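Trainee: Data file my_file38.csv (CSV, C-alpha atoms and all ligand atoms) is appended below.
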chain,number,residue,atom,x,y,z
A,30,MET,CA,0.0,0.0,0.0
A,31,LEU,CA,1.4,3.4,-1.0
A,32,THR,CA,-0.4,5.6,1.4
A,33,ALA,CA,-2.1,5.3,4.7
A,34,PRO,CA,-5.7,4.0,4.7
A,35,LEU,CA,-8.4,6.7,4.6
A,36,PRO,CA,-11.1,6.9,7.3
A,37,PHE,CA,-14.7,6.2,6.2
A,38,ILE,CA,-15.9,8.9,8.6
A,39,ASP,CA,-13.4,11.3,10.1
A,40,LEU,CA,-14.4,12.5,13.6
A,41,GLN,CA,-10.8,13.4,14.5
A,42,SER,CA,-10.7,16.3,12.0
A,43,GLN,CA,-13.8,17.8,13.6
A,44,ARG,CA,-12.1,17.4,17.0
A,45,ALA,CA,-9.1,19.4,15.7
A,46,ARG,CA,-11.6,22.2,14.8
A,47,ILE,CA,-13.9,22.4,17.8
A,48,GLY,CA,-12.7,19.7,20.2
A,49,GLN,CA,-11.5,22.2,22.7
A,50,ALA,CA,-14.8,24.0,23.0
A,51,ILE,CA,-16.5,20.6,23.3
A,52,ASP,CA,-14.2,19.6,26.1
A,53,VAL,CA,-14.9,22.8,28.0
A,54,GLY,CA,-18.6,22.1,27.7
A,55,ILE,CA,-18.2,18.5,29.0
A,56,LEU,CA,-16.1,19.7,31.9
A,57,ARG,CA,-18.6,22.5,32.8
A,58,VAL,CA,-21.2,19.8,33.2
A,59,ALA,CA,-18.9,17.6,35.2
A,60,ALA,CA,-18.4,20.6,37.5
A,61,HIS,CA,-22.0,21.8,37.9
A,62,GLY,CA,-23.2,18.3,38.5
A,63,GLN,CA,-26.7,18.5,36.9
A,64,TYR,CA,-26.0,15.4,34.9
A,65,ILE,CA,-29.7,14.7,34.2
A,66,MET,CA,-31.9,17.4,32.6
A,67,GLY,CA,-29.2,20.1,33.3
A,68,PRO,CA,-29.4,23.6,31.8
A,69,GLU,CA,-27.6,22.5,28.6
A,70,VAL,CA,-30.5,20.2,27.7
A,71,LYS,CA,-32.9,23.2,27.6
A,72,ASP,CA,-30.3,25.3,25.8
A,73,LEU,CA,-29.8,22.7,23.1
A,74,GLU,CA,-33.6,22.3,22.6
A,75,GLU,CA,-33.8,26.1,22.0
A,76,ASP,CA,-30.9,26.0,19.6
A,77,LEU,CA,-32.3,23.0,17.7
A,78,LYS,CA,-35.7,24.8,17.4
A,79,ASN,CA,-34.1,27.9,16.1
A,80,PHE,CA,-32.0,26.0,13.7
A,81,CYS,CA,-34.9,24.2,12.0
A,82,GLY,CA,-37.9,26.4,12.8
A,83,ALA,CA,-40.0,23.7,14.6
A,84,LYS,CA,-42.2,24.9,17.4
A,85,HIS,CA,-41.2,22.2,19.8
A,86,CYS,CA,-38.1,20.1,20.3
A,87,ILE,CA,-37.9,17.2,22.8
A,88,THR,CA,-34.4,15.8,23.1
A,89,VAL,CA,-34.3,12.0,23.9
A,90,ALA,CA,-31.9,9.2,24.6
A,91,ASN,CA,-31.5,7.9,21.0
A,92,GLY,CA,-33.1,8.0,17.6
A,93,THR,CA,-35.0,4.7,18.1
A,94,GLU,CA,-36.9,6.2,21.1
A,95,ALA,CA,-37.4,9.4,19.1
A,96,LEU,CA,-39.3,7.2,16.6
A,97,ALA,CA,-41.2,5.1,19.2
A,98,MET,CA,-42.5,7.9,21.5
A,99,PRO,CA,-44.7,9.6,18.9
A,100,LEU,CA,-46.3,6.2,18.2
A,101,MET,CA,-46.9,5.9,22.0
A,102,ALA,CA,-48.4,9.4,22.1
A,103,LYS,CA,-50.7,8.5,19.3
A,104,HIS,CA,-51.8,5.3,21.1
A,105,VAL,CA,-50.8,3.0,18.2
A,106,ARG,CA,-52.0,-0.5,18.9
A,107,PRO,CA,-52.5,-4.0,17.6
A,108,GLY,CA,-54.7,-4.1,14.5
A,109,GLU,CA,-53.2,-0.9,13.1
A,110,ALA,CA,-50.8,-0.8,10.2
A,111,ILE,CA,-47.9,1.7,9.6
A,112,LEU,CA,-46.3,2.0,6.2
A,113,VAL,CA,-42.5,2.0,6.2
A,114,PRO,CA,-39.9,1.5,3.5
A,115,SER,CA,-38.1,-1.9,3.5
A,116,PHE,CA,-34.7,-0.4,2.5
A,117,THR,CA,-33.8,1.3,5.8
A,118,PHE,CA,-32.3,0.7,9.2
A,119,ALA,CA,-34.2,-1.7,11.4
A,120,ALA,CA,-35.3,0.9,13.9
A,121,THR,CA,-37.9,2.4,11.5
A,122,ALA,CA,-40.0,-0.8,11.6
A,123,GLU,CA,-38.9,-2.0,15.0
A,124,VAL,CA,-40.8,0.7,16.9
A,125,VAL,CA,-44.0,-0.2,15.1
A,126,ALA,CA,-43.7,-3.8,16.2
A,127,TRP,CA,-42.9,-2.7,19.8
A,128,LEU,CA,-46.4,-1.4,20.1
A,129,GLY,CA,-47.9,-4.6,18.6
A,130,ALA,CA,-48.9,-2.8,15.4
A,131,THR,CA,-48.0,-4.1,12.0
A,132,PRO,CA,-45.3,-2.6,9.8
A,133,VAL,CA,-46.2,-2.9,6.1
A,134,PHE,CA,-43.1,-2.7,3.9
A,135,VAL,CA,-43.1,-0.5,0.8
A,136,ASP,CA,-40.6,-0.2,-2.0
A,137,VAL,CA,-38.3,2.7,-2.8
A,138,ASP,CA,-37.2,4.6,-5.9
A,139,GLN,CA,-34.0,3.3,-7.4
A,140,ASP,CA,-32.4,6.8,-8.0
A,141,THR,CA,-33.3,8.6,-4.7
A,142,PHE,CA,-33.6,5.5,-2.4
A,143,THR,CA,-36.7,6.9,-0.8
A,144,MET,CA,-40.3,5.6,-0.6
A,145,THR,CA,-42.4,5.7,-3.8
A,146,ILE,CA,-46.0,6.8,-3.8
A,147,GLU,CA,-47.0,3.9,-6.1
A,148,SER,CA,-45.8,1.3,-3.6
A,149,LEU,CA,-47.3,3.3,-0.7
A,150,GLU,CA,-50.7,3.0,-2.4
A,151,VAL,CA,-50.3,-0.7,-3.0
A,152,GLY,CA,-49.2,-1.1,0.7
A,153,ILE,CA,-52.3,0.6,2.0
A,154,THR,CA,-54.6,-1.6,-0.1
A,155,LYS,CA,-52.7,-4.6,1.1
A,156,ALA,CA,-53.0,-3.6,4.8
A,157,LYS,CA,-56.8,-3.1,4.3
A,158,ALA,CA,-57.2,-6.4,2.6
A,159,LEU,CA,-55.5,-8.0,5.6
A,160,GLY,CA,-58.1,-6.4,7.9
A,161,LEU,CA,-55.6,-3.9,9.3
A,162,LYS,CA,-56.3,-0.3,9.8
A,163,PRO,CA,-53.6,1.9,8.2
A,164,VAL,CA,-53.0,4.9,10.5
A,165,ALA,CA,-49.6,6.3,9.7
A,166,VAL,CA,-46.7,6.4,7.3
A,167,ILE,CA,-43.0,6.8,8.2
A,168,PRO,CA,-41.0,8.0,5.2
A,169,VAL,CA,-37.2,7.7,5.7
A,170,ASP,CA,-34.8,10.4,4.4
A,171,LEU,CA,-32.3,7.8,3.4
A,172,PHE,CA,-28.7,8.8,3.2
A,173,GLY,CA,-29.6,12.4,4.0
A,174,GLN,CA,-32.1,13.2,1.3
A,175,ALA,CA,-35.7,14.0,2.2
A,176,ALA,CA,-38.4,11.7,0.9
A,177,ASN,CA,-41.0,12.9,-1.6
A,178,TYR,CA,-43.1,14.7,1.0
A,179,ASP,CA,-45.4,16.7,-1.1
A,180,LEU,CA,-46.9,13.6,-2.7
A,181,ILE,CA,-46.7,11.6,0.5
A,182,GLU,CA,-48.4,14.2,2.6
A,183,GLU,CA,-51.1,14.7,0.0
A,184,PHE,CA,-51.7,11.0,-0.3
A,185,ALA,CA,-51.7,10.5,3.5
A,186,ALA,CA,-54.1,13.3,4.1
A,187,ALA,CA,-56.5,11.9,1.6
A,188,ASP,CA,-56.4,8.5,3.4
A,189,GLY,CA,-56.5,10.0,6.9
A,190,LEU,CA,-53.0,8.9,7.8
A,191,TRP,CA,-50.5,10.9,9.9
A,192,VAL,CA,-46.9,11.3,8.8
A,193,MET,CA,-43.8,10.9,10.9
A,194,SER,CA,-40.5,11.7,9.2
A,195,ASP,CA,-37.6,9.4,10.0
A,196,ALA,CA,-34.9,12.1,9.7
A,197,ALA,CA,-32.1,10.2,11.5
A,198,GLN,CA,-29.9,10.7,8.5
A,199,SER,CA,-31.1,14.1,7.2
A,200,PHE,CA,-31.1,16.6,10.0
A,201,GLY,CA,-29.4,19.8,8.7
A,202,GLY,CA,-30.8,19.3,5.2
A,203,ALA,CA,-34.0,20.8,3.7
A,204,TYR,CA,-37.0,19.8,1.5
A,205,LYS,CA,-37.9,22.7,-0.9
A,206,ALA,CA,-38.4,25.7,1.4
A,207,ARG,CA,-38.8,23.5,4.5
A,208,LYS,CA,-36.0,22.6,6.9
A,209,ILE,CA,-35.8,19.0,8.1
A,210,GLY,CA,-37.6,19.0,11.4
A,211,THR,CA,-40.7,20.8,10.2
A,212,ILE,CA,-42.1,18.1,7.9
A,213,GLY,CA,-45.0,15.8,8.8
A,214,GLN,CA,-46.9,15.9,12.1
A,215,VAL,CA,-43.7,14.9,13.8
A,216,THR,CA,-40.0,14.4,12.9
A,217,ALA,CA,-37.6,12.0,14.7
A,218,THR,CA,-33.8,12.3,14.4
A,219,SER,CA,-30.7,10.6,15.9
A,220,PHE,CA,-27.5,12.0,17.2
A,221,PHE,CA,-25.6,8.6,16.9
A,222,PRO,CA,-21.9,9.6,16.4
A,223,SER,CA,-21.8,8.8,12.7
A,224,LYS,CA,-24.9,10.8,11.8
A,225,PRO,CA,-24.5,14.3,10.2
A,226,LEU,CA,-25.1,15.8,13.7
A,227,GLY,CA,-23.7,13.3,16.1
A,228,CYS,CA,-22.8,13.4,19.8
A,229,TYR,CA,-20.3,11.4,21.8
A,230,GLY,CA,-22.6,8.6,22.6
A,231,ASP,CA,-26.4,8.0,22.0
A,232,GLY,CA,-28.8,10.8,21.5
A,233,GLY,CA,-31.9,11.9,19.6
A,234,ALA,CA,-34.6,14.5,19.2
A,235,ILE,CA,-38.3,14.8,18.3
A,236,PHE,CA,-39.7,17.9,16.6
A,237,THR,CA,-43.3,18.9,16.3
A,238,ASP,CA,-45.6,21.9,15.9
A,239,ASP,CA,-48.4,20.2,17.8
A,240,ASP,CA,-48.6,21.5,21.4
A,241,GLU,CA,-50.6,18.5,22.7
A,242,MET,CA,-48.2,16.0,21.2
A,243,ALA,CA,-45.2,18.0,22.6
A,244,SER,CA,-46.6,17.9,26.1
A,245,VAL,CA,-47.3,14.2,25.9
A,246,LEU,CA,-43.8,13.5,24.6
A,247,LYS,CA,-42.3,15.4,27.5
A,248,SER,CA,-44.3,13.4,29.9
A,249,LEU,CA,-43.4,10.1,28.2
A,250,ARG,CA,-39.7,10.9,28.4
A,251,VAL,CA,-39.9,10.8,32.2
A,252,HIS,CA,-42.0,7.8,33.1
A,253,GLY,CA,-45.3,9.4,32.1
A,254,GLN,CA,-45.0,12.1,34.7
A,255,GLY,CA,-47.9,14.4,35.4
A,256,SER,CA,-47.7,17.6,37.5
A,257,ASP,CA,-44.6,16.4,39.3
A,258,LYS,CA,-41.9,13.7,39.4
A,259,TYR,CA,-44.0,11.3,41.5
A,260,ASP,CA,-47.3,11.8,39.7
A,261,ASN,CA,-47.6,9.2,36.9
A,262,VAL,CA,-50.4,9.9,34.5
A,263,ARG,CA,-49.4,7.5,31.7
A,264,ILE,CA,-47.1,4.6,31.0
A,265,GLY,CA,-43.8,6.2,29.9
A,266,LEU,CA,-40.1,5.5,29.6
A,267,ASN,CA,-36.8,6.8,30.7
A,268,ALA,CA,-35.7,8.4,27.5
A,269,ARG,CA,-33.8,11.5,28.5
A,270,LEU,CA,-30.8,12.9,26.7
A,271,ASP,CA,-28.0,13.3,29.3
A,272,THR,CA,-26.6,16.7,29.9
A,273,MET,CA,-23.0,16.0,28.7
A,274,GLN,CA,-24.3,14.9,25.3
A,275,ALA,CA,-26.3,18.1,25.2
A,276,ALA,CA,-23.1,20.1,25.9
A,277,VAL,CA,-21.4,18.3,23.0
A,278,LEU,CA,-24.3,18.9,20.6
A,279,ILE,CA,-24.5,22.7,21.5
A,280,GLU,CA,-20.9,23.1,20.1
A,281,LYS,CA,-21.4,20.8,17.1
A,282,LEU,CA,-24.7,22.5,16.0
A,283,LYS,CA,-22.8,25.8,15.7
A,284,ILE,CA,-20.8,24.4,12.7
A,285,LEU,CA,-23.5,22.1,11.3
A,286,GLU,CA,-24.6,24.4,8.5
A,287,ASP,CA,-21.0,24.8,7.4
A,288,GLU,CA,-20.4,21.1,7.5
A,289,ILE,CA,-23.5,20.3,5.5
A,290,LYS,CA,-22.3,22.8,2.9
A,291,ALA,CA,-18.9,21.0,2.8
A,292,ARG,CA,-20.7,17.6,2.4
A,293,ASN,CA,-22.7,19.0,-0.6
A,294,GLU,CA,-19.5,20.3,-2.2
A,295,ILE,CA,-17.8,16.9,-1.7
A,296,ALA,CA,-20.9,15.1,-3.1
A,297,MET,CA,-20.9,17.3,-6.2
A,298,ARG,CA,-17.2,16.6,-6.8
A,299,TYR,CA,-17.8,12.9,-6.5
A,300,SER,CA,-20.7,13.0,-8.9
A,301,SER,CA,-19.0,15.0,-11.5
A,302,ALA,CA,-16.0,12.8,-11.5
A,303,LEU,CA,-17.9,9.5,-11.3
A,304,SER,CA,-20.9,9.9,-13.5
A,305,GLY,CA,-20.5,7.8,-16.6
A,306,ASN,CA,-18.4,5.3,-14.7
A,307,VAL,CA,-20.8,4.2,-12.0
A,308,GLN,CA,-24.5,5.0,-11.0
A,309,VAL,CA,-24.2,8.1,-8.9
A,310,PRO,CA,-26.9,9.1,-6.4
A,311,VAL,CA,-29.7,11.4,-7.6
A,312,VAL,CA,-30.9,14.4,-5.6
A,313,ALA,CA,-34.5,15.2,-6.4
A,314,GLN,CA,-35.3,18.8,-7.5
A,315,GLY,CA,-35.6,21.1,-4.5
A,316,ASN,CA,-33.8,18.8,-2.0
A,317,TYR,CA,-30.8,19.9,0.0
A,318,SER,CA,-29.3,16.6,1.2
A,319,ALA,CA,-27.4,16.3,4.5
A,320,TRP,CA,-25.3,13.6,2.8
A,321,ALA,CA,-25.1,11.2,5.6
A,322,GLN,CA,-23.8,8.8,3.0
A,323,TYR,CA,-22.6,9.1,-0.6
A,324,THR,CA,-23.9,5.9,-2.1
A,325,ILE,CA,-23.2,4.6,-5.6
A,326,ARG,CA,-24.6,1.6,-7.4
A,327,VAL,CA,-22.4,-1.0,-9.2
A,328,PRO,CA,-23.3,-4.3,-10.9
A,329,ALA,CA,-24.2,-6.8,-8.1
A,330,GLN,CA,-21.7,-9.5,-9.4
A,331,LYS,CA,-18.8,-7.0,-9.4
A,332,ARG,CA,-19.5,-5.4,-6.0
A,333,PRO,CA,-17.4,-7.8,-3.9
A,334,THR,CA,-14.4,-7.4,-6.2
A,335,ILE,CA,-14.7,-3.6,-6.3
A,336,MET,CA,-14.9,-3.4,-2.5
A,337,ALA,CA,-12.0,-5.7,-2.0
A,338,ALA,CA,-9.8,-3.9,-4.5
A,339,LEU,CA,-10.6,-0.5,-2.9
A,340,LYS,CA,-9.8,-1.9,0.5
A,341,GLU,CA,-6.5,-3.1,-0.8
A,342,GLN,CA,-5.7,0.5,-1.8
A,343,GLY,CA,-6.7,1.8,1.7
A,344,ILE,CA,-10.2,3.0,0.7
A,345,PRO,CA,-12.9,1.8,3.0
A,346,THR,CA,-16.5,1.3,1.8
A,347,MET,CA,-19.7,0.2,3.4
A,348,ILE,CA,-22.9,-1.5,2.3
A,349,TYR,CA,-26.0,0.2,3.6
A,350,TYR,CA,-28.0,-2.0,3.6
A,351,PRO,CA,-27.1,-5.5,2.6
A,352,LYS,CA,-30.6,-7.0,3.3
A,353,PRO,CA,-33.9,-5.1,3.1
A,354,LEU,CA,-36.0,-5.5,6.2
A,355,HIS,CA,-38.7,-7.7,4.6
A,356,ARG,CA,-35.9,-10.3,4.1
A,357,GLN,CA,-34.7,-10.1,7.7
A,358,THR,CA,-35.4,-13.0,10.1
A,359,ALA,CA,-37.2,-10.7,12.6
A,360,TYR,CA,-39.4,-9.0,9.9
A,361,ARG,CA,-40.0,-11.5,7.2
A,362,ASP,CA,-43.5,-12.4,8.4
A,363,PHE,CA,-44.8,-8.8,8.1
A,364,PRO,CA,-46.7,-7.8,5.0
A,365,VAL,CA,-45.1,-6.3,1.9
A,366,ALA,CA,-46.7,-4.1,-0.7
A,367,GLY,CA,-47.5,-6.1,-3.8
A,368,ASN,CA,-45.5,-9.0,-5.0
A,369,GLY,CA,-42.2,-8.5,-3.3
A,370,LEU,CA,-40.2,-5.3,-3.3
A,371,PRO,CA,-38.0,-5.6,-6.4
A,372,VAL,CA,-36.1,-2.3,-6.1
A,373,SER,CA,-35.3,-2.7,-2.4
A,374,GLU,CA,-33.9,-6.2,-3.2
A,375,ARG,CA,-31.8,-5.0,-6.1
A,376,LEU,CA,-30.4,-2.0,-4.3
A,377,ALA,CA,-29.3,-4.3,-1.4
A,378,ASP,CA,-27.1,-6.1,-4.0
A,379,GLU,CA,-25.8,-3.0,-5.8
A,380,VAL,CA,-25.2,-0.2,-3.3
A,381,LEU,CA,-21.8,0.9,-2.1
A,382,SER,CA,-21.2,3.9,0.2
A,383,LEU,CA,-17.9,5.8,-0.3
A,384,PRO,CA,-16.0,7.7,2.4
A,385,MET,CA,-18.1,10.9,3.2
A,386,HIS,CA,-17.5,13.5,5.9
A,387,PRO,CA,-17.1,17.3,5.8
A,388,TYR,CA,-13.3,17.1,6.1
A,389,LEU,CA,-12.6,14.9,3.0
A,390,ASP,CA,-9.8,16.9,1.2
A,391,HIS,CA,-9.4,17.1,-2.5
A,392,ALA,CA,-6.3,14.9,-2.6
A,393,SER,CA,-8.0,12.1,-0.7
A,394,GLN,CA,-11.1,12.4,-2.8
A,395,ASN,CA,-9.1,12.3,-6.1
A,396,ARG,CA,-7.4,9.2,-4.8
A,397,ILE,CA,-10.8,7.6,-4.1
A,398,VAL,CA,-12.2,8.6,-7.5
A,399,GLU,CA,-9.1,7.6,-9.5
A,400,THR,CA,-8.8,4.2,-7.8
A,401,LEU,CA,-12.5,3.4,-8.2
A,402,ILE,CA,-12.4,4.3,-11.9
A,403,SER,CA,-9.3,2.2,-12.6
A,404,ILE,CA,-10.8,-0.8,-10.7
A,405,GLN,CA,-14.0,-0.4,-12.6
A,406,LYS,CA,-12.1,-0.3,-16.0
A,407,ALA,CA,-10.0,-3.3,-15.1
A,408,HIS,CA,-13.2,-5.4,-14.3
A,409,GLN,CA,-15.3,-4.3,-17.3
A,501,LIG,C1,-29.6,5.7,12.9
A,501,LIG,C2,-31.0,5.5,12.5
A,501,LIG,C3,-32.1,5.3,13.4
A,501,LIG,C4,-31.9,5.0,14.9
A,501,LIG,O1,-31.1,5.9,15.6
A,501,LIG,P1,-30.4,5.5,16.9
A,501,LIG,O2,-30.0,6.8,17.5
A,501,LIG,O3,-29.2,4.6,16.5
A,501,LIG,O4,-31.3,4.7,17.8
A,501,LIG,C5,-33.4,5.2,12.9
A,501,LIG,N1,-33.6,5.3,11.6
A,501,LIG,C6,-32.6,5.5,10.7
A,501,LIG,C7,-33.0,5.6,9.2
A,501,LIG,C8,-31.3,5.6,11.1
A,501,LIG,O5,-30.3,5.7,10.2
Give the structure from the file, written as structure tokens.
Ligand SMILES: *Cc1c(COP(=O)(O)O)cnc(C)c1O
Mentor:
Amino acid sequence: MLTAPLPFIDLQSQRARIGQAIDVGILRVAAHGQYIMGPEVKDLEEDLKNFCGAKHCITVANGTEALAMPLMAKHVRPGEAILVPSFTFAATAEVVAWLGATPVFVDVDQDTFTMTIESLEVGITKAKALGLKPVAVIPVDLFGQAANYDLIEEFAAADGLWVMSDAAQSFGGAYKARKIGTIGQVTATSFFPSKPLGCYGDGGAIFTDDDEMASVLKSLRVHGQGSDKYDNVRIGLNARLDTMQAAVLIEKLKILEDEIKARNEIAMRYSSALSGNVQVPVVAQGNYSAWAQYTIRVPAQKRPTIMAALKEQGIPTMIYYPKPLHRQTAYRDFPVAGNGLPVSERLADEVLSLPMHPYLDHASQNRIVETLISIQKAHQ
């Protein structure tokens, strides 16, 4: 190997930029001692609201609970169906099953990787045919790009469904004039370290403009509390974001806009160099992606060779996701829209995510692009 291996995600460069400020924040929390629901938690919630324009922000312990709690607030129950894409991370469907409801898997678009309206329609018909009551849809902003919300919202409204946006990968991006965090009845995001806005552990947040939903979510977060700590008015959870993570996020949020801009520039450079050689990701008109991942498509039978050859040259790649959820052991008995989900299945065999982070310099990126093109040519 000629040069050192590149990182897939580079959190150390970000530490070189703002690590000192983050450490000061962490030590401030260590000193004041309000480790649970300390002042930084409130401050962060204010900052997050200001950033995206949502009326309420409820920070929580992780992105999975951020997805589950709105379902609890809406009293989702057995016999109800919630439409989710199959080509996503397990948490999107997992939370539906937690409540005894039925996730119904729908297919995605091969260019944008997000839910299609055609498959959503088939999924709703299928749910009804099975005697289930469709109540909600959870579009996923996969790899950082918002789903096709105008059509989904119109469709959902016509069928009486509510919409929760799974924005675990897209916070910091936008859909047309709307910032991520303001779409659907409620938006859930994650601050897992590798997400566009990540903390130093687990974290998440829920955004909504609905006052009633916000107050129920705040209660659910602390064991269903009522007027005080030892008044329990509903079955809740312990789903608080800890104060130290809030201190980390306060500093990271200050540079998020700048980092998302850098990710967009890097994605643009990738696409102009790679298009014509591999299938590059497509950003729909009006979308501003947070570029959680830069994901290309290569012929399925060549993918293992391409991955291995890149690895040999010190270039890490990842497969998100190698198996669509409707093929997973835990989820294979849930219904799917129509006769299988052909696009999700094909994508699982073809996708390949390249290194992507805001600190990917031109030299490293050229190295990735040139290596990939030469491997591609050698295996034509
Ligand atoms: C990461 C992720 C989640 C879950 O977030 P955690 O903070 O890891 O619980 C949910 N949905 C999607 C699409 C994700 O990428």
Trainee: Would you compute the box with edges along x, y and z of the file around ligand LIG 501 (chain A), including every atom the file lists for it and 5 Å extra on each side, and give its centre and edge lengths in Å to one decimal, as AutoDock Vina command-line options?
Mentor:
--center_x -31.4 --center_y 5.7 --center_z 13.5 --size_x 14.4 --size_y 12.2 --size_z 18.6
Trainee: So what do you get for CA of Leu226 (chain A) versus CA of Ile87 (chain A), distance-wise?
Mentor: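 Distance reported for this atom pair: 15.8 Å.
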Trainee: Between chain A and ligand LIG 501 (chain A), at 8 Å or less, what are the per-residue closest atom pairs and their distances in Å? Count only C-alpha atoms and all ligand atoms, order by chain and rising residue number, and return it as a tab-separated table.
Mentor:
residue	atom	partner	partner_atom	distance
A:Ala90	CA	A:LIG501	O2	7.7
A:Asn91	CA	A:LIG501	O2	4.0
A:Gly92	CA	A:LIG501	O2	3.3
A:Thr93	CA	A:LIG501	O4	3.7
A:Glu94	CA	A:LIG501	O4	6.7
A:Ala95	CA	A:LIG501	O4	7.8
A:Leu96	CA	A:LIG501	C5	7.2
A:Thr117	CA	A:LIG501	C7	5.5
A:Phe118	CA	A:LIG501	C7	4.9
A:Ala119	CA	A:LIG501	N1	7.0
A:Ala120	CA	A:LIG501	C5	4.8
A:Thr121	CA	A:LIG501	N1	5.2
A:Val169	CA	A:LIG501	C7	5.9
A:Asp170	CA	A:LIG501	C7	7.0
A:Leu171	CA	A:LIG501	C7	6.2
A:Phe172	CA	A:LIG501	O5	7.8
A:Asp195	CA	A:LIG501	N1	5.9
A:Ala196	CA	A:LIG501	C7	6.8
A:Ala197	CA	A:LIG501	C8	4.7
A:Gln198	CA	A:LIG501	O5	5.3
A:Thr218	CA	A:LIG501	O1	7.0
A:Ser219	CA	A:LIG501	O2	4.2
A:Phe220	CA	A:LIG501	O2	5.8
A:Phe221	CA	A:LIG501	O2	4.8
A:Lys224	CA	A:LIG501	C1	7.0
A:Asp231	CA	A:LIG501	O2	5.9
A:Gly232	CA	A:LIG501	O2	5.8
A:Gly233	CA	A:LIG501	O2	5.8
Trainee: Using all atoms listed in the file, which residue out of A:Ala407, A:Ile325, A:Leu354, A:Leu278 lies closest to Ala50 (chain A)?
Mentor: A:Leu278
Trainee: Using all atoms listed in the file, pick whichever of A:His85, A:Lys78, A:Arg46, A:Lys162 has the shortest atom-to-atom distance to Pro107 (chain A).
Mentor: A:Lys162
Trainee: Residues of region 69-158 of chain A that approach region 235-253 of chain A to 7 Å or less, counting only C-alpha atoms: could you list each one with the shortest pair of atoms and its distance in Å to one decimal, rows by chain and increasing residue number, as CSV?
Mentor:
residue,atom,partner,partner_atom,distance
A:Ala83,CA,A:Asp238,CA,6.0
A:Lys84,CA,A:Asp238,CA,4.8
A:His85,CA,A:Thr237,CA,5.2
A:Cys86,CA,A:Phe236,CA,4.6
A:Ile87,CA,A:Ile235,CA,5.1
A:Thr88,CA,A:Ile235,CA,6.3
A:Ala95,CA,A:Ile235,CA,5.5
A:Met98,CA,A:Leu246,CA,6.5
A:Pro99,CA,A:Leu246,CA,7.0
A:Ala102,CA,A:Val245,CA,6.2
Trainee: Work out how far CA of Gly201 (chain A) is from CA of Asp287 (chain A), in Å to one decimal.
Mentor: 9.9 Å
Trainee: From the options A:Val365, A:Ile335, A:Ala175, A:Ala275, which residue's atoms come nearest to Ile111 (chain A), counting all atoms listed in the file?
Mentor: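 Checking each of A:Val365, A:Ile335, A:Ala175, A:Ala275 against Ile111 (chain A), counting all atoms listed in the file, the winner is A:Val365.
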Trainee: I need the residue nearest Ala122 (chain A) from this list: A:Ala291, A:Ala203, A:Ala296, A:Ala359. Use only C-alpha atoms for the distance.
Mentor: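 Comparing A:Ala291, A:Ala203, A:Ala296, A:Ala359 against Ala122 (chain A), the winner is A:Ala359.
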Trainee: Between CA of Pro387 (chain A) and CA of Ile47 (chain A), measure the distance and give it in Å to one decimal.
Mentor: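 So the two atoms, CA of Pro387 (chain A) and CA of Ile47 (chain A), lie 13.4 Å apart.
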Trainee: Please identify all polymer residues within 12 Å of Leu73 (chain A), counting all atoms listed in the file, omitting same-chain residues fewer than 5 positions from it, and present them as a ChimeraX atom specification.
Mentor: /A:66-68,78-80,85-89,233-234,270-283
Trainee: If you count all atoms listed in the file, which residues fall within 7 Å of region 140-154 of chain A, apart from same-chain ones fewer than 4 positions away, as a PyMOL selection string?
Mentor: chain A and resi 112+114+133+135-136+158+163+168-171+176+180-181+310-313+365-367
Trainee: Only C-alpha atoms, please: region 144-159 of chain A from the block, as a short mmCIF file (atom, residue, chain, number, x, y, z; two decimals), in the first residue's frame.
Mentor:
data_model
loop_
_atom_site.label_atom_id
_atom_site.label_comp_id
_atom_site.auth_asym_id
_atom_site.auth_seq_id
_atom_site.Cartn_x
_atom_site.Cartn_y
_atom_site.Cartn_z
CA MET A 144 -40.31 5.57 -0.62
CA THR A 145 -42.43 5.67 -3.80
CA ILE A 146 -46.02 6.82 -3.81
CA GLU A 147 -47.02 3.91 -6.10
CA SER A 148 -45.77 1.34 -3.63
CA LEU A 149 -47.29 3.27 -0.72
CA GLU A 150 -50.67 3.01 -2.43
CA VAL A 151 -50.28 -0.74 -2.95
CA GLY A 152 -49.19 -1.12 0.69
CA ILE A 153 -52.30 0.64 1.99
CA THR A 154 -54.55 -1.56 -0.14
CA LYS A 155 -52.69 -4.61 1.10
CA ALA A 156 -53.04 -3.57 4.76
CA LYS A 157 -56.78 -3.08 4.35
CA ALA A 158 -57.15 -6.42 2.56
CA LEU A 159 -55.52 -8.04 5.58
#
